[in-house]
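**Student:** Dropping in entry-v2.cif, which is mmCIF, C-alpha atoms:
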```
data_upload
loop_
_atom_site.label_atom_id
_atom_site.label_comp_id
_atom_site.auth_asym_id
_atom_site.auth_seq_id
_atom_site.Cartn_x
_atom_site.Cartn_y
_atom_site.Cartn_z
CA MET A 1 0.00 0.00 0.00
CA SER A 2 2.68 2.42 1.01
CA THR A 3 4.79 1.59 -2.01
CA ALA A 4 1.90 2.38 -4.33
CA VAL A 5 1.57 5.81 -2.77
CA MET A 6 5.31 6.28 -3.04
CA ASP A 7 5.26 5.39 -6.73
CA LYS A 8 2.48 7.82 -7.36
CA ALA A 9 4.23 10.61 -5.52
CA GLU A 10 7.42 9.84 -7.38
CA ALA A 11 5.64 9.92 -10.72
CA GLU A 12 4.06 13.25 -9.93
CA ALA A 13 7.39 14.67 -8.91
CA LYS A 14 8.86 13.86 -12.32
CA GLY A 15 6.30 15.98 -14.10
CA PRO A 16 2.93 15.43 -15.74
CA ALA A 17 4.21 13.75 -18.92
CA SER A 18 6.68 11.36 -17.33
CA HIS A 19 4.45 8.33 -17.82
CA LEU A 20 4.47 8.88 -21.56
CA ILE A 21 6.73 6.88 -23.82
CA THR A 22 7.78 7.56 -27.37
CA VAL A 23 6.68 4.92 -29.84
CA THR A 24 7.23 4.66 -33.56
CA LEU A 25 4.27 3.60 -35.62
CA ARG A 26 5.24 2.29 -39.04
CA ILE A 27 2.09 2.52 -41.11
CA ARG A 28 1.59 1.06 -44.56
CA ARG A 29 0.08 3.80 -46.68
CA TYR A 30 -1.62 3.63 -50.04
CA ASN A 31 -3.18 6.40 -52.03
CA SER A 32 -4.24 5.69 -55.57
CA GLU A 33 -4.19 9.42 -56.33
CA VAL A 34 -0.49 9.61 -55.59
CA SER A 35 1.00 6.30 -56.59
CA ASP A 36 0.10 2.76 -57.50
CA GLU A 37 2.65 1.52 -54.97
CA PRO A 38 2.07 1.38 -51.23
CA TRP A 39 4.73 2.88 -49.00
CA TRP A 40 5.65 2.96 -45.30
CA ASP A 41 5.37 6.06 -43.11
CA ASP A 42 7.01 6.33 -39.70
CA PHE A 43 5.33 8.44 -37.03
CA GLN A 44 6.92 9.13 -33.64
CA VAL A 45 4.31 9.85 -31.02
CA ASP A 46 4.38 10.30 -27.23
CA VAL A 47 1.78 7.96 -25.80
CA ASP A 48 0.67 6.43 -22.55
CA PRO A 49 1.67 2.73 -22.58
CA LYS A 50 -1.90 1.93 -21.58
CA ASP A 51 -3.23 3.65 -24.70
CA ARG A 52 -4.65 1.55 -27.47
CA VAL A 53 -3.29 1.46 -31.00
CA LEU A 54 -6.48 3.22 -32.09
CA ASP A 55 -5.69 6.13 -29.75
CA VAL A 56 -2.28 6.47 -31.33
CA LEU A 57 -3.82 6.39 -34.82
CA HIS A 58 -6.19 9.14 -33.68
CA THR A 59 -3.29 11.20 -32.36
CA ILE A 60 -1.54 10.83 -35.70
CA LYS A 61 -4.62 11.69 -37.71
CA TRP A 62 -5.65 14.62 -35.54
CA GLU A 63 -2.26 16.11 -34.79
CA HIS A 64 0.28 14.94 -37.36
CA ASP A 65 -1.16 13.81 -40.68
CA GLY A 66 -4.82 14.36 -41.45
CA THR A 67 -4.62 12.28 -44.63
CA LEU A 68 -4.15 9.03 -42.71
CA THR A 69 -7.25 6.99 -43.43
CA PHE A 70 -8.66 4.13 -41.38
CA ARG A 71 -12.04 2.78 -40.31
CA ARG A 72 -13.36 2.89 -36.80
CA SER A 73 -16.77 3.39 -35.33
CA CYS A 74 -17.53 2.38 -31.76
CA ALA A 75 -13.86 2.15 -30.70
CA HIS A 76 -14.76 -0.44 -28.06
CA GLY A 77 -14.34 -3.76 -29.81
CA ILE A 78 -17.94 -4.33 -30.83
CA CYS A 79 -18.51 -2.79 -34.25
CA GLY A 80 -15.64 -4.64 -35.92
CA SER A 81 -14.51 -1.74 -38.11
CA ASP A 82 -10.88 -1.41 -37.19
CA ALA A 83 -9.37 -4.83 -37.76
CA MET A 84 -5.83 -4.34 -39.02
CA ARG A 85 -2.54 -6.15 -39.16
CA ILE A 86 -0.55 -4.91 -36.18
CA ASN A 87 2.99 -6.25 -35.86
CA GLY A 88 2.10 -8.91 -38.40
CA ARG A 89 -1.00 -10.19 -36.60
CA ASN A 90 -4.62 -9.37 -37.24
CA ARG A 91 -6.05 -7.48 -34.28
CA LEU A 92 -8.60 -4.83 -33.48
CA ALA A 93 -6.79 -1.53 -33.07
CA CYS A 94 -9.28 -0.59 -30.34
CA LYS A 95 -8.51 -3.67 -28.24
CA THR A 96 -4.72 -3.69 -28.54
CA LEU A 97 -2.78 -1.87 -25.85
CA ILE A 98 0.54 -0.33 -26.79
CA LYS A 99 2.27 -1.90 -23.78
CA ASP A 100 1.31 -5.39 -24.95
CA ILE A 101 2.93 -5.25 -28.36
CA GLY A 102 6.51 -4.27 -27.64
CA PRO A 103 6.58 -0.43 -27.90
CA GLU A 104 10.41 -0.43 -27.76
CA LYS A 105 10.51 -1.41 -31.40
CA PRO A 106 8.59 0.25 -34.24
CA ILE A 107 5.02 -1.03 -34.36
CA SER A 108 3.93 -1.93 -37.86
CA VAL A 109 0.35 -1.28 -38.88
CA GLU A 110 -0.94 -2.64 -42.19
CA PRO A 111 -4.34 -3.16 -43.79
CA ILE A 112 -5.72 -6.69 -43.47
CA LYS A 113 -4.56 -8.99 -46.24
CA GLY A 114 -6.47 -10.69 -49.04
CA LEU A 115 -8.84 -7.80 -49.73
CA ALA A 116 -8.28 -4.90 -52.14
CA VAL A 117 -6.79 -1.85 -50.44
CA LEU A 118 -8.73 1.33 -51.19
CA LYS A 119 -6.71 3.81 -49.18
CA ASP A 120 -4.17 3.42 -46.36
CA LEU A 121 -5.79 0.99 -43.91
CA VAL A 122 -9.19 0.86 -45.60
CA VAL A 123 -9.92 -2.27 -47.63
CA ASP A 124 -12.82 -3.25 -49.84
CA MET A 125 -14.92 -5.52 -47.61
CA GLU A 126 -17.39 -6.43 -50.35
CA PRO A 127 -16.01 -9.95 -51.13
CA PHE A 128 -16.09 -10.66 -47.40
CA PHE A 129 -19.72 -9.58 -47.02
CA GLN A 130 -20.65 -11.37 -50.24
CA ALA A 131 -19.49 -14.65 -48.69
CA TYR A 132 -21.39 -13.73 -45.53
CA ARG A 133 -24.62 -13.12 -47.45
CA ASP A 134 -24.16 -16.36 -49.39
CA VAL A 135 -24.61 -18.51 -46.27
CA MET A 136 -28.02 -16.94 -45.46
CA PRO A 137 -27.19 -15.47 -42.05
CA PHE A 138 -30.80 -15.09 -40.90
CA LEU A 139 -33.44 -17.22 -39.22
CA VAL A 140 -35.42 -19.34 -41.68
CA THR A 141 -38.59 -21.05 -40.49
CA THR A 142 -41.73 -22.55 -41.94
CA GLY A 143 -45.31 -22.53 -40.73
CA ASN A 144 -47.21 -19.88 -38.88
CA GLU A 145 -45.40 -17.28 -36.90
CA PRO A 146 -45.81 -17.91 -33.17
CA THR A 147 -47.54 -15.25 -31.11
CA ARG A 148 -44.67 -15.19 -28.65
CA GLU A 149 -40.92 -15.78 -28.66
CA ARG A 150 -39.54 -18.94 -30.16
CA LEU A 151 -38.47 -20.69 -26.97
CA GLN A 152 -35.27 -22.65 -26.73
CA SER A 153 -33.69 -24.65 -23.92
CA ALA A 154 -30.47 -23.46 -22.35
CA GLU A 155 -28.64 -26.50 -23.76
CA ASP A 156 -29.88 -25.78 -27.28
CA ARG A 157 -28.71 -22.20 -26.93
CA GLU A 158 -25.36 -23.33 -25.58
CA ARG A 159 -24.76 -25.42 -28.71
CA PHE A 160 -24.01 -22.39 -30.87
CA ASP A 161 -23.18 -19.83 -28.18
CA ASP A 162 -19.57 -19.43 -29.27
CA THR A 163 -20.39 -18.44 -32.84
CA THR A 164 -22.96 -15.81 -31.82
CA LYS A 165 -20.08 -13.61 -30.71
CA CYS A 166 -18.86 -12.79 -34.21
CA ILE A 167 -18.62 -9.06 -34.98
CA LEU A 168 -17.72 -9.46 -38.68
CA CYS A 169 -14.40 -7.66 -38.38
CA ALA A 170 -12.78 -9.94 -41.01
CA ALA A 171 -9.73 -10.55 -38.82
CA CYS A 172 -10.17 -14.32 -39.25
CA THR A 173 -10.93 -14.41 -42.97
CA SER A 174 -8.07 -12.07 -43.80
CA SER A 175 -5.64 -14.18 -41.75
CA CYS A 176 -6.51 -17.37 -43.63
CA PRO A 177 -3.81 -18.43 -46.13
CA VAL A 178 -6.38 -20.25 -48.26
CA PHE A 179 -8.34 -17.01 -48.55
CA TRP A 180 -5.18 -15.07 -49.43
CA ASN A 181 -4.44 -17.43 -52.28
CA ASP A 182 -7.97 -17.95 -53.42
CA GLY A 183 -10.61 -15.31 -52.85
CA GLN A 184 -13.27 -17.85 -53.86
CA TYR A 185 -13.12 -19.59 -50.48
CA PHE A 186 -16.00 -18.64 -48.21
CA GLY A 187 -13.61 -17.88 -45.40
CA PRO A 188 -13.86 -18.55 -41.66
CA ALA A 189 -16.24 -15.70 -40.84
CA ALA A 190 -18.93 -16.85 -43.26
CA ILE A 191 -18.65 -20.42 -41.95
CA VAL A 192 -18.85 -19.21 -38.35
CA ASN A 193 -22.05 -17.33 -39.14
CA ALA A 194 -23.46 -20.33 -40.97
CA HIS A 195 -22.56 -22.45 -37.93
CA ARG A 196 -24.54 -20.06 -35.74
CA PHE A 197 -27.74 -20.95 -37.64
CA ILE A 198 -26.99 -24.55 -38.63
CA PHE A 199 -26.84 -25.54 -34.97
CA ASP A 200 -29.74 -23.35 -33.87
CA SER A 201 -32.65 -25.61 -32.95
CA ARG A 202 -35.18 -22.97 -34.06
CA ASP A 203 -33.81 -22.67 -37.57
CA GLU A 204 -34.99 -24.89 -40.42
CA ALA A 205 -32.60 -24.09 -43.26
CA GLY A 206 -29.59 -25.94 -41.87
CA GLU A 207 -29.70 -28.36 -44.80
CA GLN A 208 -29.50 -25.53 -47.33
CA ARG A 209 -26.58 -23.91 -45.54
CA LEU A 210 -24.76 -27.22 -45.31
CA GLU A 211 -25.35 -27.72 -49.02
CA ILE A 212 -23.82 -24.29 -49.74
CA LEU A 213 -20.79 -25.02 -47.58
CA ASN A 214 -20.40 -28.48 -49.15
CA ASP A 215 -19.41 -26.81 -52.41
CA LYS A 216 -15.85 -26.77 -53.71
CA ASP A 217 -15.15 -23.41 -52.08
CA GLY A 218 -16.81 -24.35 -48.82
CA VAL A 219 -15.55 -25.96 -45.64
CA TRP A 220 -13.44 -28.58 -47.42
CA ARG A 221 -10.89 -25.97 -48.34
CA CYS A 222 -10.12 -25.44 -44.65
CA ARG A 223 -6.62 -26.73 -43.92
CA THR A 224 -6.95 -26.30 -40.12
CA VAL A 225 -4.19 -23.72 -40.06
CA PHE A 226 -5.75 -22.19 -36.91
CA ASN A 227 -4.80 -18.64 -37.99
CA CYS A 228 -8.47 -17.70 -37.67
CA THR A 229 -8.74 -18.93 -34.08
CA ASP A 230 -5.58 -17.01 -33.20
CA ALA A 231 -6.79 -13.85 -34.92
CA CYS A 232 -10.34 -13.70 -33.56
CA PRO A 233 -10.59 -10.69 -31.23
CA ARG A 234 -13.70 -12.23 -29.66
CA GLY A 235 -11.98 -15.49 -28.80
CA ILE A 236 -14.28 -17.62 -30.95
CA GLN A 237 -12.98 -21.14 -31.56
CA VAL A 238 -13.25 -20.56 -35.30
CA THR A 239 -11.43 -23.67 -36.51
CA LYS A 240 -13.51 -25.79 -34.15
CA ALA A 241 -16.69 -24.33 -35.62
CA ILE A 242 -15.48 -25.14 -39.14
CA GLN A 243 -14.68 -28.70 -38.10
CA GLU A 244 -18.13 -29.04 -36.58
CA VAL A 245 -19.68 -28.05 -39.88
CA LYS A 246 -17.50 -30.66 -41.62
CA ARG A 247 -18.62 -33.28 -39.14
CA ALA A 248 -22.26 -32.32 -39.67
CA LEU A 249 -21.76 -32.74 -43.42
CA ILE A 250 -20.20 -36.17 -43.00
CA THR A 251 -22.69 -37.49 -40.47
CA ARG A 252 -25.51 -36.19 -42.65
CA ARG A 253 -24.16 -38.20 -45.58
CA PHE A 254 -23.28 -41.43 -43.76
CA MET B 1 6.89 14.75 -37.09
CA ALA B 2 6.20 12.29 -39.82
CA THR B 3 9.26 10.90 -41.49
CA GLU B 4 8.56 9.14 -44.72
CA THR B 5 10.79 6.13 -45.10
CA THR B 6 10.07 5.69 -48.77
CA LYS B 7 8.42 8.37 -50.75
CA PRO B 8 6.07 7.52 -53.57
CA ALA B 9 8.30 7.31 -56.60
CA ASP B 10 6.74 10.04 -58.66
CA GLU B 11 6.16 12.63 -55.97
CA ALA B 12 9.70 13.93 -55.98
CA ALA B 13 9.91 14.12 -59.76
CA GLY B 14 7.08 16.64 -59.90
CA ALA B 15 5.30 14.96 -62.80
CA ARG B 16 2.96 12.53 -61.09
CA GLU B 17 1.64 9.55 -62.94
CA PHE B 18 -1.55 9.46 -60.88
CA ASP B 19 -3.72 12.24 -59.51
CA VAL B 20 -7.28 12.90 -58.36
CA ASP B 21 -8.78 12.52 -61.82
CA ASN B 22 -6.56 9.65 -62.80
CA PRO B 23 -6.19 7.32 -59.80
CA ALA B 24 -4.14 4.15 -59.89
CA PRO B 25 -6.17 1.01 -60.57
CA VAL B 26 -7.24 -0.89 -57.49
CA ILE B 27 -5.04 -3.94 -56.95
CA GLU B 28 -7.54 -6.76 -56.87
CA PRO B 29 -6.87 -9.71 -54.60
CA PRO B 30 -6.38 -12.98 -56.48
CA ARG B 31 -9.51 -14.35 -58.09
CA THR B 32 -12.15 -12.03 -56.75
CA ARG B 33 -15.67 -13.31 -57.26
CA THR B 34 -16.95 -11.95 -60.51
CA ALA B 35 -19.80 -12.64 -62.88
CA LYS B 36 -17.53 -15.14 -64.62
CA THR B 37 -16.91 -17.16 -61.46
CA PRO B 38 -18.31 -20.69 -61.94
CA ARG B 39 -21.58 -21.34 -60.17
CA ALA B 40 -22.04 -23.75 -57.29
CA THR B 41 -21.64 -27.38 -58.33
CA ARG B 42 -23.83 -29.09 -55.72
CA THR B 43 -21.88 -32.32 -55.74
CA ASN B 44 -20.25 -34.20 -52.92
CA PHE B 45 -16.90 -34.46 -54.70
CA GLU B 46 -15.01 -32.33 -52.20
CA LEU B 47 -16.56 -34.20 -49.29
CA TYR B 48 -15.48 -37.57 -50.68
CA GLY B 49 -12.07 -36.14 -51.55
CA TRP B 50 -11.60 -34.94 -48.01
CA LEU B 51 -12.74 -38.23 -46.51
CA PHE B 52 -10.59 -40.21 -48.93
CA MET B 53 -7.49 -38.29 -47.84
CA ARG B 54 -8.10 -39.20 -44.19
CA LEU B 55 -8.98 -42.84 -44.73
CA SER B 56 -6.30 -43.57 -47.34
CA GLY B 57 -3.78 -41.80 -45.13
CA ILE B 58 -4.46 -44.20 -42.26
CA VAL B 59 -4.24 -47.26 -44.50
CA LEU B 60 -1.09 -45.93 -46.18
CA VAL B 61 0.71 -45.59 -42.87
CA VAL B 62 0.40 -49.35 -42.40
CA LEU B 63 1.06 -50.25 -46.03
CA VAL B 64 4.05 -47.98 -46.60
CA LEU B 65 5.75 -48.57 -43.26
CA GLY B 66 5.24 -52.32 -43.70
CA HIS B 67 6.60 -52.09 -47.22
CA LEU B 68 9.67 -50.14 -46.12
CA LEU B 69 10.29 -52.54 -43.24
CA ILE B 70 10.17 -55.59 -45.49
CA GLN B 71 12.17 -54.07 -48.32
CA LEU B 72 14.86 -52.19 -46.45
CA VAL B 73 15.24 -53.52 -42.92
CA LEU B 74 14.26 -57.13 -42.41
CA ASP B 75 16.17 -60.11 -43.72
CA GLY B 76 19.36 -58.55 -45.04
CA GLY B 77 18.03 -55.13 -45.93
CA VAL B 78 18.14 -53.49 -49.31
CA SER B 79 20.84 -55.76 -50.74
CA LYS B 80 18.45 -58.71 -50.96
CA ILE B 81 16.18 -56.96 -53.47
CA GLY B 82 16.49 -58.30 -56.97
CA PHE B 83 14.39 -59.74 -59.75
CA ALA B 84 14.11 -63.02 -57.89
CA PHE B 85 12.98 -61.33 -54.68
CA VAL B 86 10.21 -59.42 -56.46
CA ALA B 87 9.19 -62.50 -58.42
CA GLY B 88 8.97 -64.49 -55.21
CA ARG B 89 6.82 -61.92 -53.50
CA TRP B 90 4.45 -61.45 -56.39
CA ALA B 91 3.86 -65.18 -56.61
CA SER B 92 1.59 -64.69 -53.60
CA PRO B 93 -1.78 -63.00 -54.12
CA PHE B 94 -1.40 -61.38 -50.70
CA TRP B 95 1.60 -59.31 -51.75
CA GLN B 96 0.02 -58.61 -55.11
CA THR B 97 -2.99 -57.14 -53.34
CA TRP B 98 -0.77 -55.26 -50.90
CA ASP B 99 1.24 -53.63 -53.68
CA LEU B 100 -1.81 -52.94 -55.81
CA LEU B 101 -3.59 -51.27 -52.92
CA MET B 102 -0.50 -49.26 -52.05
CA LEU B 103 -0.10 -48.14 -55.65
CA TRP B 104 -3.67 -46.97 -56.04
CA LEU B 105 -4.02 -45.32 -52.64
CA ALA B 106 -0.64 -43.59 -52.76
CA MET B 107 -1.15 -42.30 -56.30
CA LEU B 108 -4.68 -41.03 -55.67
CA HIS B 109 -3.74 -39.61 -52.28
CA GLY B 110 -0.78 -37.77 -53.77
CA ALA B 111 -2.70 -36.62 -56.82
CA ASN B 112 -5.51 -35.23 -54.69
CA GLY B 113 -2.98 -33.43 -52.51
CA LEU B 114 -1.31 -31.90 -55.55
CA ARG B 115 -4.71 -30.93 -56.94
CA THR B 116 -5.26 -28.95 -53.74
CA VAL B 117 -1.86 -27.29 -54.08
CA ILE B 118 -2.54 -26.38 -57.72
CA ASN B 119 -5.97 -24.99 -56.82
CA ASP B 120 -4.34 -22.83 -54.19
CA TYR B 121 -1.28 -21.56 -55.96
CA ALA B 122 -2.01 -21.39 -59.68
CA GLU B 123 -3.39 -17.91 -60.14
CA ARG B 124 -4.54 -17.95 -63.75
CA ALA B 125 -7.28 -20.25 -64.95
CA ASN B 126 -5.15 -21.42 -67.85
CA THR B 127 -2.17 -22.35 -65.71
CA ARG B 128 -4.46 -24.20 -63.36
CA PHE B 129 -6.09 -26.12 -66.17
CA TRP B 130 -2.83 -27.26 -67.77
CA LEU B 131 -1.14 -28.16 -64.49
CA LYS B 132 -4.14 -30.27 -63.54
CA THR B 133 -4.27 -31.91 -66.95
CA LEU B 134 -0.60 -32.84 -66.59
CA LEU B 135 -1.22 -34.14 -63.08
CA TYR B 136 -4.20 -36.28 -64.07
CA ALA B 137 -2.38 -37.65 -67.12
CA ALA B 138 0.65 -38.60 -65.04
CA THR B 139 -1.55 -40.20 -62.38
CA VAL B 140 -3.60 -42.26 -64.80
CA PHE B 141 -0.47 -43.37 -66.66
CA THR B 142 1.35 -44.47 -63.50
CA VAL B 143 -1.65 -46.23 -62.00
CA LEU B 144 -2.48 -48.11 -65.20
CA LEU B 145 1.12 -49.07 -65.90
CA GLY B 146 1.65 -50.26 -62.34
CA THR B 147 -1.57 -52.24 -62.33
CA LEU B 148 -0.68 -53.82 -65.65
CA VAL B 149 2.73 -54.90 -64.35
CA ILE B 150 1.34 -56.36 -61.14
CA PHE B 151 -1.28 -58.44 -62.97
CA THR B 152 0.76 -59.53 -65.97
CA PHE B 153 4.08 -60.03 -64.22
CA ASP B 154 5.83 -63.04 -65.69
CA PRO B 155 8.68 -64.47 -63.57
CA ASN B 156 9.99 -66.47 -66.55
CA ILE B 157 10.38 -63.43 -68.78
CA ARG B 158 13.81 -64.34 -70.09
#
```
Mind converting the file's structure to structure tokens?

**Tutor:**
Amino acid sequence: MSTAVMDKAEAEAKGPASHLITVTLRIRRYNSEVSDEPWWDDFQVDVDPKDRVLDVLHTIKWEHDGTLTFRRSCAHGICGSDAMRINGRNRLACKTLIKDIGPEKPISVEPIKGLAVLKDLVVDMEPFFQAYRDVMPFLVTTGNEPTRERLQSAEDRERFDDTTKCILCAACTSSCPVFWNDGQYFGPAAIVNAHRFIFDSRDEAGEQRLEILNDKDGVWRCRTVFNCTDACPRGIQVTKAIQEVKRALITRRF
Amino acid sequence: MATETTKPADEAAGAREFDVDNPAPVIEPPRTRTAKTPRATRTNFELYGWLFMRLSGIVLVVLVLGHLLIQLVLDGGVSKIGFAFVAGRWASPFWQTWDLLMLWLAMLHGANGLRTVINDYAERANTRFWLKTLLYAATVFTVLLGTLVIFTFDPNIR
């Protein structure tokens, strides 16, 4: 207790900015109105180690270079806008603290891979959302609509609980080497969202979704690389979900 | 504050190749879905392919390790292999079946694996088509030739 007070007093004695550290952000820039080649920009910024990468990007955009372009909306890890490749790994800029990613060395920030870069860190998400739409990510039922909620037991809900967490940030899909090589592959995110409905006891279009994912660009292209599970900022067991869809396809057939 | 490590090539020269009215073309990722992308096939080919890889893999572990053990380790090792040794083994239907099974499974297993690799890495449709044609031709040739030899092997050929 006393040491904590001492530390605080010491910190205050050193001046208001003493807790700040200088980090170098190495950002991969692209602007089609300047060049057809991307380039790297280094920015040196004084930041609190407990700041997030998104805060540093804001500092750069607001105070150093207003042309820096990136997506962000809620800034709290829910909207899924600011997935980017930070130090070579796909993360959400709003959930990554500077102190956790080695601020002694330059921190590299790139757009996510496998999608067309439009400007700086902004990519064209359309192929990603096309794959998402293809798996019919909505409840499909037959018969009359009930007059109250469609009830479900806790166990039935638990079956697909993990895959309900997806925020569609594309961190998984754009970390998948099969997707990098072949944009035709549905990608982990689409399969996760199909999984969410395939294993929902209230849904009745599981067969159709399985049929879609049984195609040549469906789940069979998964090589269980586990990049998607590592990349998921929501901690979804993505590869496990893909394997469960594979198992459902096989047990359906045999 | 910002220090540019590498400037865009044309900026320094003054005469820019690209500007607001004439932006650089967007670099498309490989094989974006377009109108020309083939439609869904609705077959179970990939499912059976995937299953085949797993099942044949398990069987091949036994077949290949057994084969290597017999050929290279047991009973004098590699030096014992000769025309007579092969003739002696293929006199028995058991070893004929063993070798036939190994030939077919290994060739199809390998071919399917290479098909996956080609699908992944060949970027142009033409390259993909010709690489796969070559692969299938080589596979069919090897499998048929091997099968022919196993069934028509004549120990008294001389």

**Student:** One decimal, in Å: what's the spacing between atom CA of Ala138 of chain B and atom CA of Val86 of chain B?

**Tutor:**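 Straight-line distance from atom CA of Ala138 of chain B to atom CA of Val86 of chain B works out to 24.5 Å.
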
**Student:** Might you pull out every residue within 7 Å of segment 84-101 of chain A, with only C-alpha atoms counted and same-chain residues fewer than 5 positions away left off, and present them as an MDAnalysis selection string?

**Tutor:** chainID A and resid 49:54 75:77 107:112 171 175 231 233

**Student:** Which one of B:Asn22, B:Phe141, B:Asn44, B:Phe52 sits closest to His109 of chain B if you count all atoms listed in the file?

**Tutor:** B:Phe52

**Student:** Which is closest to chain B among A:Arg157, A:Arg71, A:His64, A:Arg150, if we use all atoms listed in the file?

**Tutor:** A:His64

**Student:** Go ahead and compute the interatomic distance for atom CA of Val123 of chain A and atom CA of Asp36 of chain A, in Å to one decimal.

**Tutor:**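 Computing it gives 14.9 Å between the two atoms.
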
**Student:** Of the candidates A:Thr163, A:Ala170, A:Ala83, A:Glu204, which one gets nearest to Thr239 of chain A if we count all atoms listed in the file?

**Tutor:**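 Using all atoms listed in the file, Thr239 of chain A sits closest to A:Thr163.
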
**Student:** Excluding Asp46 of chain A and any residue of its chain fewer than 6 positions from it, enumerate the residues within 10 Å of it, using all atoms listed in the file, and give them as a ChimeraX atom specification.

**Tutor:** /A:17,19-24,56,59

**Student:** If I take atom CA of Arg209 of chain A and atom CA of Val238 of chain A, how far is one from the other in Å, to one decimal?

**Tutor:**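 Atom CA of Val238 of chain A lies 17.1 Å from atom CA of Arg209 of chain A.
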
**Student:** If you count all atoms listed in the file, which residues fall within 12 Å of Ile150 of chain B, apart from same-chain ones fewer than 5 positions away, as a compact mmCIF listing (two decimals) with C-alpha atoms, in the frame of the given file?

**Tutor:**
```
# COMPACT_ATOMS: atom_id res chain seq x y z
CA VAL B 86 10.21 -59.42 -56.46
CA ALA B 87 9.19 -62.50 -58.42
CA ARG B 89 6.82 -61.92 -53.50
CA TRP B 90 4.45 -61.45 -56.39
CA ALA B 91 3.86 -65.18 -56.61
CA SER B 92 1.59 -64.69 -53.60
CA PRO B 93 -1.78 -63.00 -54.12
CA PHE B 94 -1.40 -61.38 -50.70
CA TRP B 95 1.60 -59.31 -51.75
CA GLN B 96 0.02 -58.61 -55.11
CA THR B 97 -2.99 -57.14 -53.34
CA TRP B 98 -0.77 -55.26 -50.90
CA ASP B 99 1.24 -53.63 -53.68
CA LEU B 100 -1.81 -52.94 -55.81
CA LEU B 101 -3.59 -51.27 -52.92
CA MET B 102 -0.50 -49.26 -52.05
CA LEU B 103 -0.10 -48.14 -55.65
CA TRP B 104 -3.67 -46.97 -56.04
CA VAL B 143 -1.65 -46.23 -62.00
CA LEU B 144 -2.48 -48.11 -65.20
CA LEU B 145 1.12 -49.07 -65.90
CA PRO B 155 8.68 -64.47 -63.57
```

**Student:** Set the cut-off to 9 Å and count only C-alpha atoms: what are the residues of chain A that reach chain B? Output as a VMD selection string.

**Tutor:** chain A and resid 31 to 45 60 64 to 65 113 to 118 127 130 178 180 to 184 211 to 212 214 to 218 220 to 221 246 249 to 250

**Student:** Name the residues that the PyMOL selection byres ((chain A and resi 227) around 9) picks from the file above, as a PDB file with C-alpha atoms, in the frame of the given file, using the file's chain letters and numbers.

**Tutor:**
```pdb
ATOM      1  CA  CYS A 172     -10.170 -14.320 -39.250  1.00  0.00           C
ATOM      2  CA  THR A 173     -10.930 -14.410 -42.970  1.00  0.00           C
ATOM      3  CA  SER A 175      -5.640 -14.180 -41.750  1.00  0.00           C
ATOM      4  CA  CYS A 176      -6.510 -17.370 -43.630  1.00  0.00           C
ATOM      5  CA  PRO A 177      -3.810 -18.430 -46.130  1.00  0.00           C
ATOM      6  CA  THR A 224      -6.950 -26.300 -40.120  1.00  0.00           C
ATOM      7  CA  VAL A 225      -4.190 -23.720 -40.060  1.00  0.00           C
ATOM      8  CA  PHE A 226      -5.750 -22.190 -36.910  1.00  0.00           C
ATOM      9  CA  CYS A 228      -8.470 -17.700 -37.670  1.00  0.00           C
ATOM     10  CA  THR A 229      -8.740 -18.930 -34.080  1.00  0.00           C
ATOM     11  CA  ASP A 230      -5.580 -17.010 -33.200  1.00  0.00           C
ATOM     12  CA  ALA A 231      -6.790 -13.850 -34.920  1.00  0.00           C
ATOM     13  CA  CYS A 232     -10.340 -13.700 -33.560  1.00  0.00           C
ATOM     14  CA  THR A 239     -11.430 -23.670 -36.510  1.00  0.00           C
TER      15      THR A 239
END
```

**Student:** I'd like to know which of A:Glu244, A:Glu158, A:Gly235, A:Asp203 is closest to Gly143 of chain A, using all atoms listed in the file.

**Tutor:**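 Counting all atoms listed in the file, the residue closest to Gly143 of chain A is A:Asp203.
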